[in-house]
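This report concerns only the one structure given below.
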Amino acid sequence: MSCLVQAQTPKGKLFIIGGGDRSDNLMKQILSVADLTKKDYIVVLPMSSEEPDSSFIFFKTQMLKLTTNPIVMFNFNKETAQNKTLTDSLQKAKLIFISGGDQTRFMNIVQNTPIKTAIKKAYENGSTISGTSAGAAVMSEKMITGNQKLQKEYSGTFDNIRYDNLETSEGLGLIKTAIIDQHFLKRNRYNRLLTALVEFPTLTGIGIDEATAIIVRNNQVEVAGDSEVIVVRNPKGILKAKNNNLISIESLQMSIYTPGQKFNIK
């Protein structure tokens, strides 16, 4: 069965924003990529946010200046996750936007439910799936939660490179071959992405800065927005110290891309 799933190339696109400010120009690009017709509508999924209504209003206020397409919020919970009318409507949305907040909060509602299936089917059928910050983290199969296993207190900075410290869980799996990190340059998250690469050496690590996005069309990725995207891959000669979780990597490939540039992921 997995071979069949792999064989199906999604017709949709991903528009993944690294958090921070979203300029009108960036949002116009989302609309251009989504290529909405008059009858299409936009669904916002605000479940990452502690204040879902505010999150939705902020998005809607900006988008109303840029499009006449209807914009609706589906703030799912464990009960409504099973509501077939709602999940069918989600699947038919031509543009789905996942707001920022806490990616684990989002996946706790979505995981193993018809919501996740609807998002995947929408993507396979040609819809554009977009998200910012936490909504970016959920895109990959291996999702960075932000927590450190060796440190009980949550810290916005990831001030070490240690083996078996990065906490990951299962995301939406719209990208299988890369792992996404966000607010990247702004919050100096190199240590976190390098740690991810040691844990998952076959994946491409993609760090997206604030006010910046990647547009994913199958295996081709294009950078959009105001800043840069950092890509790390192919770590060679990984060694893990037994007693203190220190890591060494002999070499790896690192690239920096600016808006308009493109790169491929396997």
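The chains in the structure tokens are called A, B, ... from first to last as shown; in each chain the residues are counted from 1, and the ligands are counted from 1 in the order shown.
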| request: Write out as number ranges by chain the residues lying within 8 Å of Asp88 (chain A), counting only C-alpha atoms and excluding same-chain residues fewer than 4 positions away. | output: A: 84, 92, 118
I need the residues from that last selection saved to file as a PDB file, in the first residue's frame (with all heavy atoms), if you can.
ATOM      1  N   LYS A  84     -18.568  14.817   9.343  1.00  0.00           N
ATOM      2  CA  LYS A  84     -18.282  14.569   7.920  1.00  0.00           C
ATOM      3  C   LYS A  84     -18.579  15.785   7.042  1.00  0.00           C
ATOM      4  O   LYS A  84     -17.859  16.060   6.082  1.00  0.00           O
ATOM      5  CB  LYS A  84     -19.075  13.345   7.433  1.00  0.00           C
ATOM      6  CG  LYS A  84     -18.624  12.883   6.045  1.00  0.00           C
ATOM      7  CD  LYS A  84     -19.192  11.537   5.697  1.00  0.00           C
ATOM      8  CE  LYS A  84     -18.834  11.025   4.318  1.00  0.00           C
ATOM      9  NZ  LYS A  84     -18.339  11.954   3.334  1.00  0.00           N
ATOM     10  N   LYS A  92     -12.667  20.187   0.141  1.00  0.00           N
ATOM     11  CA  LYS A  92     -12.982  20.873  -1.120  1.00  0.00           C
ATOM     12  C   LYS A  92     -12.413  22.291  -1.178  1.00  0.00           C
ATOM     13  O   LYS A  92     -12.541  22.973  -2.198  1.00  0.00           O
ATOM     14  CB  LYS A  92     -14.498  20.917  -1.315  1.00  0.00           C
ATOM     15  CG  LYS A  92     -15.106  19.527  -1.548  1.00  0.00           C
ATOM     16  CD  LYS A  92     -16.565  19.634  -1.961  1.00  0.00           C
ATOM     17  CE  LYS A  92     -17.197  18.271  -2.136  1.00  0.00           C
ATOM     18  NZ  LYS A  92     -17.877  17.780  -0.926  1.00  0.00           N
ATOM     19  N   ALA A 118      -8.507  14.753   5.226  1.00  0.00           N
ATOM     20  CA  ALA A 118      -9.079  15.779   4.333  1.00  0.00           C
ATOM     21  C   ALA A 118      -7.994  16.730   3.821  1.00  0.00           C
ATOM     22  O   ALA A 118      -7.989  17.093   2.639  1.00  0.00           O
ATOM     23  CB  ALA A 118     -10.164  16.559   5.065  1.00  0.00           C
TER      24      ALA A 118
END
Tell me, which residues of region 11-190 of chain A carry DSSP helix (DSSP H, G or I), written as a PyMOL selection string? chain A and resi 24-34+52-64+80-82+84-92+103-110+114-125+134-137+190
Check: Which residues come within 9 Å of Gln151 (chain A), counting only C-alpha atoms, excluding same-chain residues fewer than 4 positions away, as a ChimeraX atom specification?
Finding: /A:147,155,165
Selection from above, all heavy atoms, as a CSV table (one decimal), in the first residue's frame, can you write it?
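Final file, out-v4.csv:
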chain,number,residue,atom,x,y,z
A,147,ASN,N,10.5,21.3,21.9
A,147,ASN,CA,11.0,20.9,23.3
A,147,ASN,C,12.3,20.2,23.1
A,147,ASN,O,12.6,19.6,22.1
A,147,ASN,CB,9.9,19.9,23.9
A,147,ASN,CG,8.6,20.6,24.2
A,147,ASN,OD1,8.6,21.8,24.5
A,147,ASN,ND2,7.5,19.9,24.1
A,155,SER,N,12.7,26.3,26.3
A,155,SER,CA,13.5,27.5,26.0
A,155,SER,C,13.4,27.8,24.5
A,155,SER,O,13.5,26.9,23.7
A,155,SER,CB,15.0,27.1,26.4
A,155,SER,OG,15.8,28.0,25.7
A,165,ASN,N,18.4,14.8,22.0
A,165,ASN,CA,17.8,15.9,22.7
A,165,ASN,C,16.6,16.5,22.0
A,165,ASN,O,15.7,17.1,22.7
A,165,ASN,CB,18.9,17.0,22.9
A,165,ASN,CG,18.4,18.1,23.7
A,165,ASN,OD1,17.6,18.0,24.6
A,165,ASN,ND2,19.0,19.3,23.5
Counting only C-alpha atoms, which residues in region 28-145 of chain A sit no more than 10 Å from region 211-229 of chain A? For each one, give the nearest pair of atoms and the distance in Å, sorted by chain then residue number, as a Markdown table.
| residue | atom | partner | partner_atom | distance |
| --- | --- | --- | --- | --- |
| A:Gln29 | CA | A:Ala224 | CA | 8.3 |
| A:Ile30 | CA | A:Ile215 | CA | 8.8 |
| A:Val33 | CA | A:Ile215 | CA | 8.3 |
| A:Thr128 | CA | A:Val216 | CA | 9.6 |
| A:Ile129 | CA | A:Val216 | CA | 9.8 |
| A:Ser130 | CA | A:Ile215 | CA | 9.1 |
| A:Gly131 | CA | A:Ala213 | CA | 9.5 |
| A:Thr132 | CA | A:Ala213 | CA | 8.6 |
| A:Ala136 | CA | A:Ala213 | CA | 9.3 |
Go ahead and save the residues from that selection, with all heavy atoms, as a short mmCIF file (atom, residue, chain, number, x, y, z; two decimals), in the first residue's frame.
data_model
loop_
_atom_site.label_atom_id
_atom_site.label_comp_id
_atom_site.auth_asym_id
_atom_site.auth_seq_id
_atom_site.Cartn_x
_atom_site.Cartn_y
_atom_site.Cartn_z
N GLN A 29 1.03 36.51 -3.28
CA GLN A 29 1.70 35.35 -3.89
C GLN A 29 0.98 34.04 -3.54
O GLN A 29 0.86 33.16 -4.38
CB GLN A 29 3.17 35.27 -3.46
CG GLN A 29 4.10 35.77 -4.54
CD GLN A 29 5.56 35.63 -4.14
OE1 GLN A 29 6.02 36.28 -3.21
NE2 GLN A 29 6.29 34.79 -4.84
N ILE A 30 0.51 33.95 -2.31
CA ILE A 30 -0.26 32.75 -1.93
C ILE A 30 -1.49 32.61 -2.83
O ILE A 30 -1.77 31.54 -3.35
CB ILE A 30 -0.74 32.82 -0.45
CG1 ILE A 30 0.45 32.70 0.51
CG2 ILE A 30 -1.75 31.72 -0.15
CD1 ILE A 30 0.06 32.70 1.98
N VAL A 33 -0.48 31.50 -6.31
CA VAL A 33 -0.12 30.07 -6.33
C VAL A 33 -1.38 29.21 -6.24
O VAL A 33 -1.53 28.21 -6.93
CB VAL A 33 0.87 29.74 -5.18
CG1 VAL A 33 1.02 28.23 -4.98
CG2 VAL A 33 2.25 30.35 -5.47
N THR A 128 -3.92 24.25 -2.48
CA THR A 128 -2.70 24.79 -1.88
C THR A 128 -2.87 24.76 -0.37
O THR A 128 -3.87 25.24 0.15
CB THR A 128 -2.44 26.23 -2.37
OG1 THR A 128 -2.19 26.18 -3.79
CG2 THR A 128 -1.25 26.85 -1.66
N ILE A 129 -1.88 24.19 0.31
CA ILE A 129 -1.89 24.16 1.78
C ILE A 129 -0.81 25.13 2.25
O ILE A 129 0.35 25.03 1.85
CB ILE A 129 -1.58 22.75 2.33
CG1 ILE A 129 -2.34 21.65 1.56
CG2 ILE A 129 -1.86 22.69 3.83
CD1 ILE A 129 -3.83 21.70 1.63
N SER A 130 -1.23 26.09 3.06
CA SER A 130 -0.30 27.10 3.55
C SER A 130 -0.32 27.12 5.07
O SER A 130 -1.29 26.69 5.69
CB SER A 130 -0.69 28.47 2.98
OG SER A 130 0.21 29.46 3.42
N GLY A 131 0.77 27.63 5.65
CA GLY A 131 0.82 27.75 7.10
C GLY A 131 1.98 28.63 7.49
O GLY A 131 2.93 28.80 6.72
N THR A 132 1.90 29.19 8.70
CA THR A 132 2.98 30.04 9.19
C THR A 132 3.41 29.60 10.58
O THR A 132 2.56 29.15 11.37
CB THR A 132 2.56 31.52 9.21
OG1 THR A 132 3.68 32.33 9.54
CG2 THR A 132 1.44 31.80 10.21
N ALA A 136 3.89 26.02 9.80
CA ALA A 136 4.98 25.55 8.94
C ALA A 136 5.55 24.24 9.49
O ALA A 136 5.81 23.29 8.75
CB ALA A 136 6.09 26.61 8.86
#
Inset, instruction - Name the residues in contact with region 166-178 of chain A at a cut-off of 7 Å, using only C-alpha atoms, excluding same-chain residues fewer than 3 positions from it; report them as JSON, numbers by chain. - result: {"A": [107, 116, 120, 138, 139, 140, 141, 142, 143, 144, 145, 146, 147, 148, 149, 195, 196, 203, 204, 205, 206, 265, 266]}
Put those residues in a file: N, CA, C and O atoms, as a short mmCIF file (atom, residue, chain, number, x, y, z; two decimals), in the first residue's frame.
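Contents of the output file selection-v2.cif:
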data_model
loop_
_atom_site.label_atom_id
_atom_site.label_comp_id
_atom_site.auth_asym_id
_atom_site.auth_seq_id
_atom_site.Cartn_x
_atom_site.Cartn_y
_atom_site.Cartn_z
N MET A 107 -1.59 19.32 16.21
CA MET A 107 -1.55 17.90 15.85
C MET A 107 -2.33 17.04 16.85
O MET A 107 -2.86 16.00 16.48
N LYS A 116 -7.03 15.25 9.18
CA LYS A 116 -5.72 15.02 8.54
C LYS A 116 -5.92 14.40 7.15
O LYS A 116 -5.27 14.81 6.19
N LYS A 120 -4.78 16.06 3.48
CA LYS A 120 -3.94 15.30 2.53
C LYS A 120 -4.65 15.13 1.19
O LYS A 120 -4.04 15.28 0.13
N VAL A 138 4.16 21.88 11.08
CA VAL A 138 3.30 20.69 10.93
C VAL A 138 3.40 20.06 9.53
O VAL A 138 2.93 18.94 9.33
N MET A 139 3.98 20.76 8.58
CA MET A 139 3.96 20.28 7.18
C MET A 139 4.75 18.98 6.98
O MET A 139 4.39 18.14 6.17
N SER A 140 5.88 18.84 7.69
CA SER A 140 6.72 17.67 7.44
C SER A 140 6.23 16.46 8.23
O SER A 140 5.43 16.58 9.16
N GLU A 141 6.72 15.29 7.82
CA GLU A 141 6.33 14.06 8.51
C GLU A 141 6.95 14.02 9.90
O GLU A 141 6.30 13.68 10.89
N LYS A 142 8.25 14.37 9.97
CA LYS A 142 8.93 14.51 11.26
C LYS A 142 8.78 15.96 11.68
O LYS A 142 9.33 16.86 11.03
N MET A 143 8.06 16.21 12.75
CA MET A 143 7.76 17.58 13.17
C MET A 143 8.58 17.96 14.40
O MET A 143 8.59 17.25 15.39
N ILE A 144 9.29 19.09 14.31
CA ILE A 144 10.00 19.62 15.47
C ILE A 144 8.97 20.24 16.42
O ILE A 144 8.22 21.13 16.03
N THR A 145 8.93 19.76 17.67
CA THR A 145 7.93 20.28 18.62
C THR A 145 8.41 21.57 19.29
O THR A 145 7.61 22.36 19.77
N GLY A 146 9.74 21.74 19.38
CA GLY A 146 10.29 22.89 20.10
C GLY A 146 10.83 22.50 21.46
O GLY A 146 11.57 23.26 22.08
N ASN A 147 10.46 21.31 21.95
CA ASN A 147 10.95 20.87 23.26
C ASN A 147 12.30 20.16 23.14
O ASN A 147 12.62 19.60 22.10
N GLN A 148 13.06 20.18 24.24
CA GLN A 148 14.32 19.44 24.33
C GLN A 148 14.16 18.32 25.37
O GLN A 148 13.69 18.57 26.47
N LYS A 149 14.58 17.12 24.99
CA LYS A 149 14.41 15.98 25.90
C LYS A 149 15.34 16.08 27.11
O LYS A 149 15.03 15.59 28.18
N THR A 195 20.91 19.45 14.78
CA THR A 195 20.55 18.30 15.62
C THR A 195 19.54 17.42 14.89
O THR A 195 19.64 16.19 14.91
N ALA A 196 18.58 18.04 14.21
CA ALA A 196 17.58 17.28 13.44
C ALA A 196 18.25 16.46 12.34
O ALA A 196 17.89 15.31 12.08
N LEU A 203 17.13 13.12 5.62
CA LEU A 203 16.21 14.22 5.31
C LEU A 203 16.97 15.50 4.98
O LEU A 203 18.13 15.66 5.37
N THR A 204 16.32 16.39 4.25
CA THR A 204 16.85 17.73 4.00
C THR A 204 16.32 18.66 5.10
O THR A 204 15.12 18.69 5.33
N GLY A 205 17.22 19.38 5.76
CA GLY A 205 16.79 20.33 6.78
C GLY A 205 16.55 21.70 6.15
O GLY A 205 17.43 22.23 5.47
N ILE A 206 15.35 22.25 6.34
CA ILE A 206 15.02 23.56 5.73
C ILE A 206 14.65 24.53 6.84
O ILE A 206 13.66 24.33 7.55
N ILE A 265 14.35 19.14 -3.46
CA ILE A 265 14.49 18.18 -2.37
C ILE A 265 14.24 16.81 -2.97
O ILE A 265 13.49 16.69 -3.93
N LYS A 266 14.87 15.81 -2.41
CA LYS A 266 14.78 14.46 -2.99
C LYS A 266 13.33 14.00 -3.06
O LYS A 266 12.60 14.15 -2.13
#
Among the residues A:Thr104, A:Glu210, A:His183, A:Glu79, the one that comes closest to Leu26 (chain A) [using only C-alpha atoms]: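 When distances to Leu26 (chain A) are compared using only C-alpha atoms, the smallest one comes from A:Glu210.
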Residues of region 38-255 of chain A in strand (DSSP E or B), written as a VMD selection string:
chain A and resid 42 to 45 71 to 73 95 to 98 128 to 132 140 142 to 148 151 162 166 to 170 175 178 to 181 204 to 208 212 to 217 220 to 225 229 to 236 239 to 240 246 to 248 251 to 255
For Tyr123 (chain A), the closest of A:Phe15, A:Tyr190, A:Tyr163, A:Phe74 counting only C-alpha atoms is A:Phe15
